[in-house]
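File shown here: data.cif, holding mmCIF, C-alpha atoms and all ligand atoms.
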```cif
data_my_file
loop_
_atom_site.label_atom_id
_atom_site.label_comp_id
_atom_site.auth_asym_id
_atom_site.auth_seq_id
_atom_site.Cartn_x
_atom_site.Cartn_y
_atom_site.Cartn_z
CA MET R 19 0.00 0.00 0.00
CA ALA R 20 1.20 3.54 -0.73
CA LYS R 21 2.85 5.14 2.29
CA TYR R 22 0.57 8.05 3.00
CA LEU R 23 -2.53 6.01 2.22
CA ASP R 24 -1.41 3.66 4.97
CA ILE R 25 -1.36 6.53 7.48
CA LEU R 26 -4.79 7.78 6.36
CA SER R 27 -6.26 4.28 6.45
CA GLU R 28 -4.96 3.59 9.96
CA ARG R 29 -6.60 6.79 11.21
CA ALA R 30 -9.88 6.12 9.41
CA LYS R 31 -10.04 2.57 10.76
CA LYS R 32 -10.48 3.83 14.31
CA LEU R 33 -13.48 5.98 13.37
CA ASN R 34 -15.98 3.34 12.23
CA LYS R 35 -17.61 5.63 9.64
CA THR R 36 -20.00 4.61 6.87
CA ILE R 37 -19.45 5.93 3.35
CA ALA R 38 -21.77 5.72 0.33
CA LEU R 39 -20.26 4.82 -3.05
CA PRO R 40 -22.81 5.52 -5.80
CA GLU R 41 -20.81 4.65 -8.91
CA THR R 42 -21.79 1.02 -9.05
CA GLU R 43 -21.55 0.86 -12.83
CA ASP R 44 -17.74 1.13 -12.53
CA ILE R 45 -15.54 -1.84 -11.60
CA ARG R 46 -13.09 0.45 -9.73
CA THR R 47 -15.82 1.04 -7.14
CA PHE R 48 -15.85 -2.69 -6.32
CA GLN R 49 -12.06 -3.02 -6.43
CA ALA R 50 -11.91 -0.15 -3.93
CA THR R 51 -14.70 -1.67 -1.83
CA VAL R 52 -12.72 -4.89 -1.44
CA LYS R 53 -9.68 -2.93 -0.21
CA ILE R 54 -11.74 -0.69 2.10
CA LEU R 55 -13.46 -3.67 3.70
CA GLN R 56 -10.35 -5.85 3.92
CA ARG R 57 -8.39 -3.05 5.59
CA GLY R 58 -11.36 -2.01 7.76
CA VAL R 59 -11.15 1.62 6.59
CA ALA R 60 -14.93 2.19 6.63
CA ASN R 61 -18.30 0.52 6.27
CA VAL R 62 -19.50 0.75 2.68
CA ILE R 63 -22.95 1.31 1.22
CA LEU R 64 -23.13 0.64 -2.51
CA VAL R 65 -25.99 2.53 -4.14
CA GLY R 66 -27.54 0.69 -7.06
CA ASN R 67 -29.30 -2.36 -8.38
CA GLU R 68 -28.31 -5.48 -6.45
CA ALA R 69 -28.38 -7.88 -9.41
CA LYS R 70 -26.34 -5.55 -11.64
CA ILE R 71 -23.83 -4.91 -8.85
CA LYS R 72 -23.28 -8.61 -8.23
CA ALA R 73 -22.96 -9.31 -11.96
CA LEU R 74 -20.37 -6.59 -12.50
CA ALA R 75 -18.43 -7.32 -9.29
CA GLY R 76 -18.02 -10.97 -10.36
CA ASP R 77 -15.48 -12.70 -8.12
CA LEU R 78 -14.67 -9.57 -6.10
CA ASP R 79 -15.81 -10.17 -2.53
CA ILE R 80 -18.09 -7.25 -1.72
CA SER R 81 -20.38 -9.33 0.49
CA LYS R 82 -19.75 -7.16 3.56
CA ALA R 83 -20.95 -4.01 1.80
CA ARG R 84 -24.60 -3.09 2.15
CA ILE R 85 -26.45 -2.50 -1.12
CA VAL R 86 -29.20 0.13 -1.24
CA ASN R 87 -31.35 0.36 -4.35
CA PRO R 88 -32.97 3.83 -4.72
CA GLU R 89 -35.88 2.27 -6.65
CA THR R 90 -36.95 -0.05 -3.86
CA TYR R 91 -35.56 1.60 -0.73
CA GLU R 92 -38.10 1.72 2.08
CA ARG R 93 -37.42 5.41 2.77
CA ARG R 94 -37.69 6.40 -0.90
CA ASP R 95 -40.79 8.58 -0.45
CA GLU R 96 -39.10 10.46 2.39
CA TYR R 97 -36.07 11.07 0.16
CA VAL R 98 -38.22 12.37 -2.69
CA ARG R 99 -40.12 14.69 -0.33
CA ALA R 100 -36.84 15.96 1.21
CA PHE R 101 -35.38 16.77 -2.23
CA TYR R 102 -38.60 18.47 -3.27
CA GLU R 103 -38.55 20.65 -0.13
CA LEU R 104 -34.92 21.61 -0.75
CA ARG R 105 -35.38 22.55 -4.41
CA LYS R 106 -39.01 23.57 -4.88
CA HIS R 107 -37.98 27.26 -4.98
CA LYS R 108 -35.96 26.32 -8.09
CA GLY R 109 -39.00 24.83 -9.84
CA VAL R 110 -38.52 21.20 -8.71
CA THR R 111 -41.85 19.32 -8.55
CA LEU R 112 -42.62 16.08 -6.70
CA ASP R 113 -42.40 14.27 -10.04
CA SER R 114 -39.03 15.74 -10.95
CA ALA R 115 -37.79 15.12 -7.38
CA ALA R 116 -38.79 11.45 -7.78
CA GLU R 117 -36.78 11.35 -11.01
CA MET R 118 -33.73 12.96 -9.35
CA MET R 119 -33.84 10.41 -6.52
CA ARG R 120 -33.32 7.69 -9.16
CA ASP R 121 -29.89 9.22 -9.81
CA TYR R 122 -27.41 7.26 -7.69
CA VAL R 123 -25.18 10.27 -6.95
CA TYR R 124 -28.09 12.50 -5.87
CA PHE R 125 -29.50 9.63 -3.82
CA ALA R 126 -26.16 8.99 -2.07
CA VAL R 127 -25.77 12.68 -1.27
CA MET R 128 -29.28 12.66 0.17
CA MET R 129 -28.23 9.70 2.36
CA ALA R 130 -25.52 11.95 3.80
CA LYS R 131 -27.95 14.83 4.23
CA LEU R 132 -30.40 12.62 6.13
CA GLY R 133 -27.62 11.15 8.30
CA GLU R 134 -27.71 7.61 6.93
CA VAL R 135 -24.06 7.77 5.89
CA ASP R 136 -21.16 9.90 7.10
CA GLY R 137 -20.02 10.92 3.64
CA VAL R 138 -20.01 10.21 -0.08
CA VAL R 139 -17.20 9.46 -2.52
CA SER R 140 -18.15 9.82 -6.18
CA GLY R 141 -16.75 11.15 -9.43
CA SER R 142 -14.81 8.26 -11.00
CA ASN R 143 -17.58 7.92 -13.54
CA HIS R 144 -19.20 11.36 -13.49
CA THR R 145 -17.98 14.82 -14.36
CA SER R 146 -16.95 16.97 -11.43
CA SER R 147 -19.85 19.32 -11.83
CA ASP R 148 -22.33 16.38 -11.54
CA THR R 149 -21.07 15.47 -8.05
CA MET R 150 -20.50 19.08 -6.97
CA ARG R 151 -23.97 20.21 -8.00
CA ALA R 152 -25.56 17.36 -6.04
CA ALA R 153 -23.46 18.35 -3.02
CA LEU R 154 -24.24 22.05 -3.30
CA GLN R 155 -27.93 21.54 -3.90
CA ILE R 156 -28.53 18.93 -1.19
CA VAL R 157 -26.05 19.15 1.70
CA LYS R 158 -25.14 22.80 0.98
CA THR R 159 -22.47 24.72 2.86
CA ALA R 160 -21.87 24.30 6.60
CA PRO R 161 -23.41 26.93 8.88
CA GLY R 162 -21.55 30.23 8.61
CA VAL R 163 -19.65 29.17 5.47
CA THR R 164 -20.25 31.24 2.35
CA LEU R 165 -18.03 29.48 -0.17
CA ALA R 166 -17.37 25.81 -0.74
CA SER R 167 -14.10 24.88 -2.42
CA SER R 168 -11.89 21.83 -2.86
CA PHE R 169 -8.44 20.52 -2.14
CA PHE R 170 -6.13 17.63 -2.84
CA ILE R 171 -3.85 15.86 -0.39
CA ILE R 172 -0.57 15.44 -2.25
CA SER R 173 2.17 13.27 -0.81
CA VAL R 174 5.45 13.11 -2.72
CA PRO R 175 7.77 10.22 -1.82
CA ASP R 176 11.23 11.01 -0.41
CA LEU R 177 10.72 14.76 -0.41
CA GLU R 178 12.06 17.11 2.24
CA TYR R 179 9.65 19.94 1.42
CA GLY R 180 6.22 20.54 2.89
CA SER R 181 5.25 18.34 5.81
CA ASN R 182 7.62 15.44 5.04
CA GLY R 183 6.55 15.68 1.40
CA THR R 184 2.84 16.10 2.13
CA PHE R 185 0.83 19.14 1.06
CA VAL R 186 -2.67 20.49 0.62
CA PHE R 187 -3.16 21.93 -2.87
CA ALA R 188 -6.19 24.20 -3.39
CA ASP R 189 -8.39 24.92 -5.19
CA CYS R 190 -7.80 22.24 -7.81
CA GLY R 191 -11.36 21.65 -8.85
CA MET R 192 -14.24 23.81 -7.77
CA VAL R 193 -14.03 27.61 -7.79
CA GLU R 194 -12.95 28.49 -11.28
CA MET R 195 -11.87 32.12 -11.07
CA PRO R 196 -11.90 33.21 -7.42
CA THR R 197 -11.96 36.88 -6.48
CA PRO R 198 -9.18 37.96 -4.08
CA GLU R 199 -11.68 37.71 -1.21
CA GLU R 200 -12.70 34.21 -2.30
CA LEU R 201 -9.06 33.20 -2.68
CA ALA R 202 -8.39 34.40 0.88
CA TYR R 203 -11.30 32.33 2.11
CA ILE R 204 -10.05 29.26 0.22
CA ALA R 205 -6.61 29.74 1.83
CA VAL R 206 -8.02 29.87 5.35
CA CYS R 207 -10.34 26.87 4.80
CA SER R 208 -7.45 24.90 3.26
CA ALA R 209 -5.26 25.62 6.29
CA LYS R 210 -7.99 24.16 8.53
CA SER R 211 -8.30 21.12 6.27
CA PHE R 212 -4.53 20.63 6.40
CA GLU R 213 -4.57 20.77 10.20
CA LEU R 214 -7.35 18.20 10.35
CA ILE R 215 -6.03 15.75 7.80
CA VAL R 216 -2.23 16.11 7.99
CA GLN R 217 -2.10 17.02 11.71
CA ASP R 218 0.75 19.50 11.34
CA LYS R 219 1.02 23.29 11.53
CA PRO R 220 -0.25 24.83 8.28
CA MET R 221 2.10 27.19 6.46
CA VAL R 222 0.11 28.80 3.67
CA ALA R 223 1.56 30.20 0.44
CA MET R 224 -0.57 32.15 -2.01
CA LEU R 225 1.19 31.41 -5.25
CA SER R 226 2.02 33.63 -8.18
CA TYR R 227 4.61 33.98 -10.93
CA SER R 228 6.07 36.82 -8.86
CA THR R 229 7.64 37.03 -5.38
CA LYS R 230 7.20 40.17 -3.27
CA GLY R 231 6.85 42.57 -6.18
CA SER R 232 9.42 41.01 -8.53
CA ALA R 233 6.77 41.57 -11.20
CA LYS R 234 3.79 43.91 -11.14
CA SER R 235 0.52 43.34 -12.93
CA PRO R 236 -3.18 42.99 -12.18
CA LEU R 237 -2.57 39.25 -11.72
CA THR R 238 0.10 39.72 -9.06
CA GLU R 239 -1.85 42.56 -7.42
CA ALA R 240 -4.84 40.23 -7.00
CA ILE R 241 -2.68 37.75 -5.05
CA ILE R 242 -1.28 40.50 -2.83
CA VAL R 243 -4.83 41.64 -2.01
CA ALA R 244 -5.88 38.05 -1.37
CA ALA R 245 -2.92 37.39 0.95
CA LYS R 246 -3.60 40.58 2.92
CA HIS R 247 -7.24 39.66 3.28
CA ALA R 248 -6.36 36.13 4.42
CA GLN R 249 -4.00 37.52 7.06
CA GLU R 250 -6.78 39.82 8.29
CA ILE R 251 -9.37 37.07 8.62
CA ALA R 252 -6.92 34.59 10.16
CA PRO R 253 -4.20 36.60 11.95
CA ASP R 254 -2.92 33.55 13.85
CA LEU R 255 -2.12 31.59 10.69
CA ALA R 256 1.23 31.69 8.89
CA ILE R 257 0.10 32.99 5.47
CA ASP R 258 2.13 34.81 2.86
CA GLY R 259 1.88 35.93 -0.76
CA GLU R 260 2.54 36.69 -3.48
CA LEU R 261 5.15 33.93 -3.65
CA GLN R 262 6.63 31.82 -6.42
CA VAL R 263 6.67 28.11 -5.68
CA ASP R 264 10.42 28.01 -4.97
CA ALA R 265 10.18 30.91 -2.51
CA ALA R 266 7.23 29.13 -0.90
CA ILE R 267 8.74 25.69 -0.34
CA VAL R 268 12.55 26.01 -0.40
CA PRO R 269 13.94 27.78 2.71
CA GLU R 270 17.19 28.87 0.98
CA VAL R 271 15.28 30.50 -1.89
CA ALA R 272 12.84 32.10 0.54
CA ALA R 273 15.77 33.63 2.43
CA THR R 274 16.85 35.43 -0.77
CA LYS R 275 13.56 36.19 -2.49
CA ALA R 276 11.24 36.67 0.49
CA PRO R 277 13.27 37.50 3.61
CA GLY R 278 11.01 37.91 6.63
CA SER R 279 8.24 35.79 5.13
CA PRO R 280 6.17 34.17 7.90
CA VAL R 281 6.15 31.02 5.80
CA VAL R 282 10.00 30.92 5.70
CA GLY R 283 10.12 28.61 2.69
CA LYS R 284 8.23 25.89 4.55
CA ALA R 285 4.84 26.11 2.89
CA ASN R 286 2.72 22.98 3.07
CA VAL R 287 -0.58 24.54 1.92
CA LEU R 288 -0.28 25.78 -1.65
CA ILE R 289 -3.03 28.10 -2.88
CA PHE R 290 -3.31 28.52 -6.64
CA PRO R 291 -4.69 31.66 -8.27
CA ASP R 292 -7.33 29.85 -10.34
CA LEU R 293 -8.58 26.44 -11.40
CA ASN R 294 -6.31 26.18 -14.43
CA THR R 295 -3.16 26.46 -12.34
CA GLY R 296 -4.47 24.32 -9.48
CA ASN R 297 -5.72 21.47 -11.63
CA ILE R 298 -2.74 21.43 -14.00
CA THR R 299 -0.25 21.50 -11.14
CA TYR R 300 -1.75 18.68 -9.11
CA LYS R 301 -1.87 16.41 -12.15
CA ILE R 302 1.73 17.24 -13.08
CA VAL R 303 2.95 16.49 -9.56
CA GLN R 304 0.87 13.31 -9.39
CA ARG R 305 2.19 11.96 -12.69
CA LEU R 306 5.76 13.30 -12.92
CA ALA R 307 6.72 13.08 -9.25
CA LYS R 308 4.75 9.83 -8.77
CA ALA R 309 2.95 11.49 -5.88
CA GLU R 310 -0.01 10.08 -4.03
CA ALA R 311 -2.92 12.43 -4.79
CA TYR R 312 -6.22 12.10 -2.94
CA GLY R 313 -9.22 14.24 -3.79
CA LEU R 314 -10.92 16.29 -4.82
CA ILE R 315 -12.08 16.67 -1.25
CA LEU R 316 -14.75 19.33 -0.96
CA GLN R 317 -14.43 21.71 1.98
CA GLY R 318 -16.95 24.04 3.56
CA LEU R 319 -19.89 21.67 3.06
CA ALA R 320 -22.25 20.54 5.81
CA LYS R 321 -21.32 16.90 5.06
CA PRO R 322 -18.09 15.48 3.63
CA ILE R 323 -18.19 14.70 -0.08
CA SER R 324 -15.33 13.78 -2.39
CA ASP R 325 -15.38 14.31 -6.11
CA LEU R 326 -12.85 11.96 -7.69
CA SER R 327 -11.09 12.50 -10.97
CA ARG R 328 -12.30 10.21 -13.75
CA GLY R 329 -8.69 9.08 -14.15
CA CYS R 330 -8.56 7.78 -10.56
CA SER R 331 -7.45 4.30 -9.50
CA ALA R 332 -9.10 2.02 -6.93
CA GLU R 333 -6.37 3.04 -4.43
CA ASP R 334 -7.26 6.71 -5.03
CA ILE R 335 -10.85 5.89 -4.10
CA VAL R 336 -9.66 4.23 -0.87
CA GLY R 337 -7.64 7.37 -0.05
CA ALA R 338 -10.62 9.63 -0.65
CA VAL R 339 -12.78 7.39 1.55
CA ALA R 340 -10.23 7.54 4.38
CA ILE R 341 -10.04 11.34 4.18
CA ILE R 342 -13.83 11.67 4.10
CA CYS R 343 -14.02 9.54 7.28
CA ILE R 344 -11.54 11.89 8.99
CA GLN R 345 -13.43 14.96 7.71
CA ALA R 346 -16.65 13.50 9.14
CA THR R 347 -15.20 13.72 12.65
CA ALA R 348 -14.91 17.50 12.26
CA ASN R 349 -18.41 17.79 10.83
CA ASN R 350 -19.76 16.07 13.93
CA LYS R 351 -18.36 18.78 16.21
N1 LIG B 401 -19.86 27.61 -2.74
C1 LIG B 401 -21.10 27.69 -2.22
N2 LIG B 401 -22.22 27.63 -2.96
C2 LIG B 401 -22.08 27.50 -4.31
C3 LIG B 401 -20.82 27.42 -4.93
C4 LIG B 401 -19.67 27.48 -4.09
N3 LIG B 401 -18.43 27.39 -4.56
N4 LIG B 401 -20.99 27.28 -6.27
C5 LIG B 401 -22.33 27.27 -6.50
N5 LIG B 401 -22.99 27.40 -5.32
C6 LIG B 401 -24.44 27.36 -5.07
C7 LIG B 401 -25.22 28.12 -6.11
O1 LIG B 401 -25.34 29.44 -5.70
C8 LIG B 401 -26.53 27.36 -6.09
O2 LIG B 401 -27.33 27.77 -5.01
P1 LIG B 401 -28.94 27.62 -5.11
O3 LIG B 401 -29.27 26.68 -6.24
O4 LIG B 401 -29.35 27.07 -3.78
O5 LIG B 401 -29.39 29.00 -5.38
C9 LIG B 401 -26.15 25.93 -5.81
O6 LIG B 401 -24.85 26.01 -5.23
C10 LIG B 401 -26.12 25.05 -7.03
O7 LIG B 401 -25.44 25.73 -8.00
P2 LIG B 401 -25.72 25.55 -9.55
O8 LIG B 401 -26.18 26.86 -10.09
O9 LIG B 401 -26.57 24.35 -9.83
O10 LIG B 401 -24.30 25.22 -10.00
P3 LIG B 401 -23.26 26.23 -10.63
O11 LIG B 401 -23.65 26.41 -12.05
O12 LIG B 401 -23.03 27.41 -9.76
O13 LIG B 401 -21.97 25.30 -10.60
C11 LIG B 401 -20.09 24.14 -9.90
C12 LIG B 401 -21.28 24.97 -9.45
C13 LIG B 401 -19.23 23.78 -8.72
C14 LIG B 401 -20.60 22.86 -10.53
C15 LIG B 401 -19.28 24.99 -10.93
O14 LIG B 401 -18.66 26.04 -10.26
C16 LIG B 401 -18.26 24.22 -11.70
O15 LIG B 401 -18.58 23.58 -12.71
N6 LIG B 401 -16.97 24.28 -11.27
C17 LIG B 401 -15.92 23.58 -11.96
C18 LIG B 401 -16.02 22.10 -11.74
C19 LIG B 401 -15.07 21.33 -12.61
O16 LIG B 401 -15.36 21.02 -13.75
N7 LIG B 401 -13.92 20.98 -12.06
C20 LIG B 401 -12.95 20.18 -12.72
C21 LIG B 401 -12.20 19.44 -11.67
S1 LIG B 401 -11.37 17.97 -12.19
#
```

What does this structure look like when you write it as structure tokens?
Ligand code: COA
Amino acid sequence: MAKYLDILSERAKKLNKTIALPETEDIRTFQATVKILQRGVANVILVGNEAKIKALAGDLDISKARIVNPETYERRDEYVRAFYELRKHKGVTLDSAAEMMRDYVYFAVMMAKLGEVDGVVSGSNHTSSDTMRAALQIVKTAPGVTLASSFFIISVPDLEYGSNGTFVFADCGMVEMPTPEELAYIAVCSAKSFELIVQDKPMVAMLSYSTKGSAKSPLTEAIIVAAKHAQEIAPDLAIDGELQVDAAIVPEVAATKAPGSPVVGKANVLIFPDLNTGNITYKIVQRLAKAEAYGLILQGLAKPISDLSRGCSAEDIVGAVAIICIQATANNK
């Protein structure tokens, strides 16, 4: 098993959480289920048609997972009514709510909303916006949170930077073009996620192609404003920007390019200016540095939901499940 996944799995094991996996038309879901159950990472609910699930799973032993079929589930009417109540102001009728509750992803997210599972991991077989919309429409943001966003846990083997090679990268998948205020909010939420998942002190870098005024443009100005705003809303956090990646993560470069930076070249939470940079970077690091990459993990929602990349492996699904279990402990508080 990959090294960081081992750490995440060991933590999740102690929590006894239950996670819904709705993508039961994809073999990777069952391959992941076998690993999750064998390692005791979580209890699994597979959402779908029992006969089809068993046919597709074949010899994979998923017998310890519970299967819930949205068509025949005893609480189906309650689910339809709950979705109708949540979305009637958007023109949803009881009939269209009944149709939506046939969708396995929407149904699984409703299971989280109604407290039947602790979280949902989806996305290997759906576009990101499919899973995110279900999450935003049904579980919505946590009380007091105005913006949901997403992060990846990236763990690079044999790397001295970050927290022993482990980082939070954000936002890699949700908020496409954040304003400086939104970027500040993403930075602060990501620091909290880092603390919860990685259990180390977050050092937050708001990244740019410029360090401390080495270039000046509206793009660099936006990062400076965002960093200032983040420092104002979270004065106890170590946050700095605008920083280039080397000044953010390499202490010797930071000493030259950004002397006096509170992050001192030890950033472990990397905040990207927009979704292009965030998404491109995480995939480059994952593929070229052979890093473990777990996510997207949504943050700021009332219930933990992960939105996998369609290129994910079964091990990536296990990692997302473990993180969602850990996130669920914070949601309970
Ligand atoms: N935080 C909090 N609420 C949000 C939100 C956010 N980041 N984004 C949207 N919402 C709210 C909307 O205001 C809306 O509220 P309402 O319906 O109760 O009034 C609700 O969530 C649903 O939004 P909807 O209008 O259906 O979706 P959208 O068109 O705003 O799209 C995303 C939301 C996340 C799907 C969209 O931003 C998106 O596609 N992002 C990129 C995803 C992607 O492709 N990533 C690639 C990663 S590999």

Selection as number ranges by chain: residues within 9 Å of (-1.5, 31.8, -8.7), counting all atoms listed in the file: R: 224-227, 237-238, 241, 260-262, 289-292, 295-296

Atom pair CA of Leu78 (chain R) / CA of Gly313 (chain R): separation (Å): 24.5 Å

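Those protein and nucleic acid residues that have any atom within 6 Å of ligand LIG 401 (chain B) are, using only C-alpha atoms and all ligand atoms, Ser146, Ser147, Met150, Arg151, Leu154, Gln155, Thr164, Leu165, Ala166, Ser167, Gly191, Met192, Val193, Glu194 and Ser327 of chain R.
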
Between CA of Gln345 (chain R) and CA of Asp44 (chain R), distance in Å (one decimal): 24.9 Å

Atom pair CA of Ser173 (chain R) / CA of Ala309 (chain R): separation (Å):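 We find that CA of Ser173 (chain R) and CA of Ala309 (chain R) lie 5.4 Å from each other.
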
Distance criterion (all atoms listed in the file): nearest to Ala248 (chain R) out of R:Ala276, R:Met221, R:Cys330, R:Leu201: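 Closest candidate: R:Leu201.
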
Selection near Asp95 (chain R), 12 Å with all atoms listed in the file, sequence-local residues under 2 positions removed, as a list in words: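 Here the qualifying residues turn out to be Pro88, Glu89, Thr90, Tyr91, Glu92, Arg93, Tyr97, Val98, Arg99, Ala100, Phe101, Tyr102, Leu112, Asp113, Ala115, Ala116, Glu117, Met119, Arg120 and Phe125 of chain R.
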
How about completing region 82-93 of chain R with N, CA, C and O atoms and giving it to me as a PDB file, in the coordinates of the input?
```pdb
ATOM      1  N   LYS R  82     -19.564  -7.899   2.295  1.00  0.00           N
ATOM      2  CA  LYS R  82     -19.750  -7.160   3.560  1.00  0.00           C
ATOM      3  C   LYS R  82     -20.233  -5.730   3.323  1.00  0.00           C
ATOM      4  O   LYS R  82     -20.472  -4.981   4.285  1.00  0.00           O
ATOM      5  N   ALA R  83     -20.375  -5.344   2.076  1.00  0.00           N
ATOM      6  CA  ALA R  83     -20.950  -4.010   1.800  1.00  0.00           C
ATOM      7  C   ALA R  83     -22.473  -4.135   1.780  1.00  0.00           C
ATOM      8  O   ALA R  83     -23.009  -5.170   1.360  1.00  0.00           O
ATOM      9  N   ARG R  84     -23.141  -3.074   2.223  1.00  0.00           N
ATOM     10  CA  ARG R  84     -24.600  -3.090   2.150  1.00  0.00           C
ATOM     11  C   ARG R  84     -24.995  -2.476   0.795  1.00  0.00           C
ATOM     12  O   ARG R  84     -24.384  -1.489   0.367  1.00  0.00           O
ATOM     13  N   ILE R  85     -25.988  -3.062   0.157  1.00  0.00           N
ATOM     14  CA  ILE R  85     -26.450  -2.500  -1.120  1.00  0.00           C
ATOM     15  C   ILE R  85     -27.800  -1.828  -0.897  1.00  0.00           C
ATOM     16  O   ILE R  85     -28.705  -2.408  -0.280  1.00  0.00           O
ATOM     17  N   VAL R  86     -27.922  -0.587  -1.356  1.00  0.00           N
ATOM     18  CA  VAL R  86     -29.200   0.130  -1.240  1.00  0.00           C
ATOM     19  C   VAL R  86     -29.641   0.530  -2.647  1.00  0.00           C
ATOM     20  O   VAL R  86     -28.912   1.227  -3.362  1.00  0.00           O
ATOM     21  N   ASN R  87     -30.818   0.062  -3.016  1.00  0.00           N
ATOM     22  CA  ASN R  87     -31.350   0.360  -4.350  1.00  0.00           C
ATOM     23  C   ASN R  87     -32.370   1.519  -4.226  1.00  0.00           C
ATOM     24  O   ASN R  87     -33.406   1.368  -3.581  1.00  0.00           O
ATOM     25  N   PRO R  88     -32.062   2.668  -4.835  1.00  0.00           N
ATOM     26  CA  PRO R  88     -32.970   3.830  -4.720  1.00  0.00           C
ATOM     27  C   PRO R  88     -34.400   3.526  -5.184  1.00  0.00           C
ATOM     28  O   PRO R  88     -35.350   4.132  -4.691  1.00  0.00           O
ATOM     29  N   GLU R  89     -34.540   2.579  -6.112  1.00  0.00           N
ATOM     30  CA  GLU R  89     -35.880   2.270  -6.650  1.00  0.00           C
ATOM     31  C   GLU R  89     -36.767   1.592  -5.602  1.00  0.00           C
ATOM     32  O   GLU R  89     -37.979   1.802  -5.580  1.00  0.00           O
ATOM     33  N   THR R  90     -36.154   0.782  -4.768  1.00  0.00           N
ATOM     34  CA  THR R  90     -36.950  -0.050  -3.860  1.00  0.00           C
ATOM     35  C   THR R  90     -36.731   0.295  -2.385  1.00  0.00           C
ATOM     36  O   THR R  90     -37.302  -0.354  -1.515  1.00  0.00           O
ATOM     37  N   TYR R  91     -35.914   1.285  -2.120  1.00  0.00           N
ATOM     38  CA  TYR R  91     -35.560   1.600  -0.730  1.00  0.00           C
ATOM     39  C   TYR R  91     -36.792   1.993   0.072  1.00  0.00           C
ATOM     40  O   TYR R  91     -37.632   2.773  -0.410  1.00  0.00           O
ATOM     41  N   GLU R  92     -36.867   1.484   1.308  1.00  0.00           N
ATOM     42  CA  GLU R  92     -38.100   1.720   2.080  1.00  0.00           C
ATOM     43  C   GLU R  92     -38.331   3.188   2.412  1.00  0.00           C
ATOM     44  O   GLU R  92     -39.464   3.608   2.625  1.00  0.00           O
ATOM     45  N   ARG R  93     -37.249   3.980   2.450  1.00  0.00           N
ATOM     46  CA  ARG R  93     -37.420   5.410   2.770  1.00  0.00           C
ATOM     47  C   ARG R  93     -37.493   6.283   1.507  1.00  0.00           C
ATOM     48  O   ARG R  93     -37.330   7.495   1.574  1.00  0.00           O
TER      49      ARG R  93
END
```
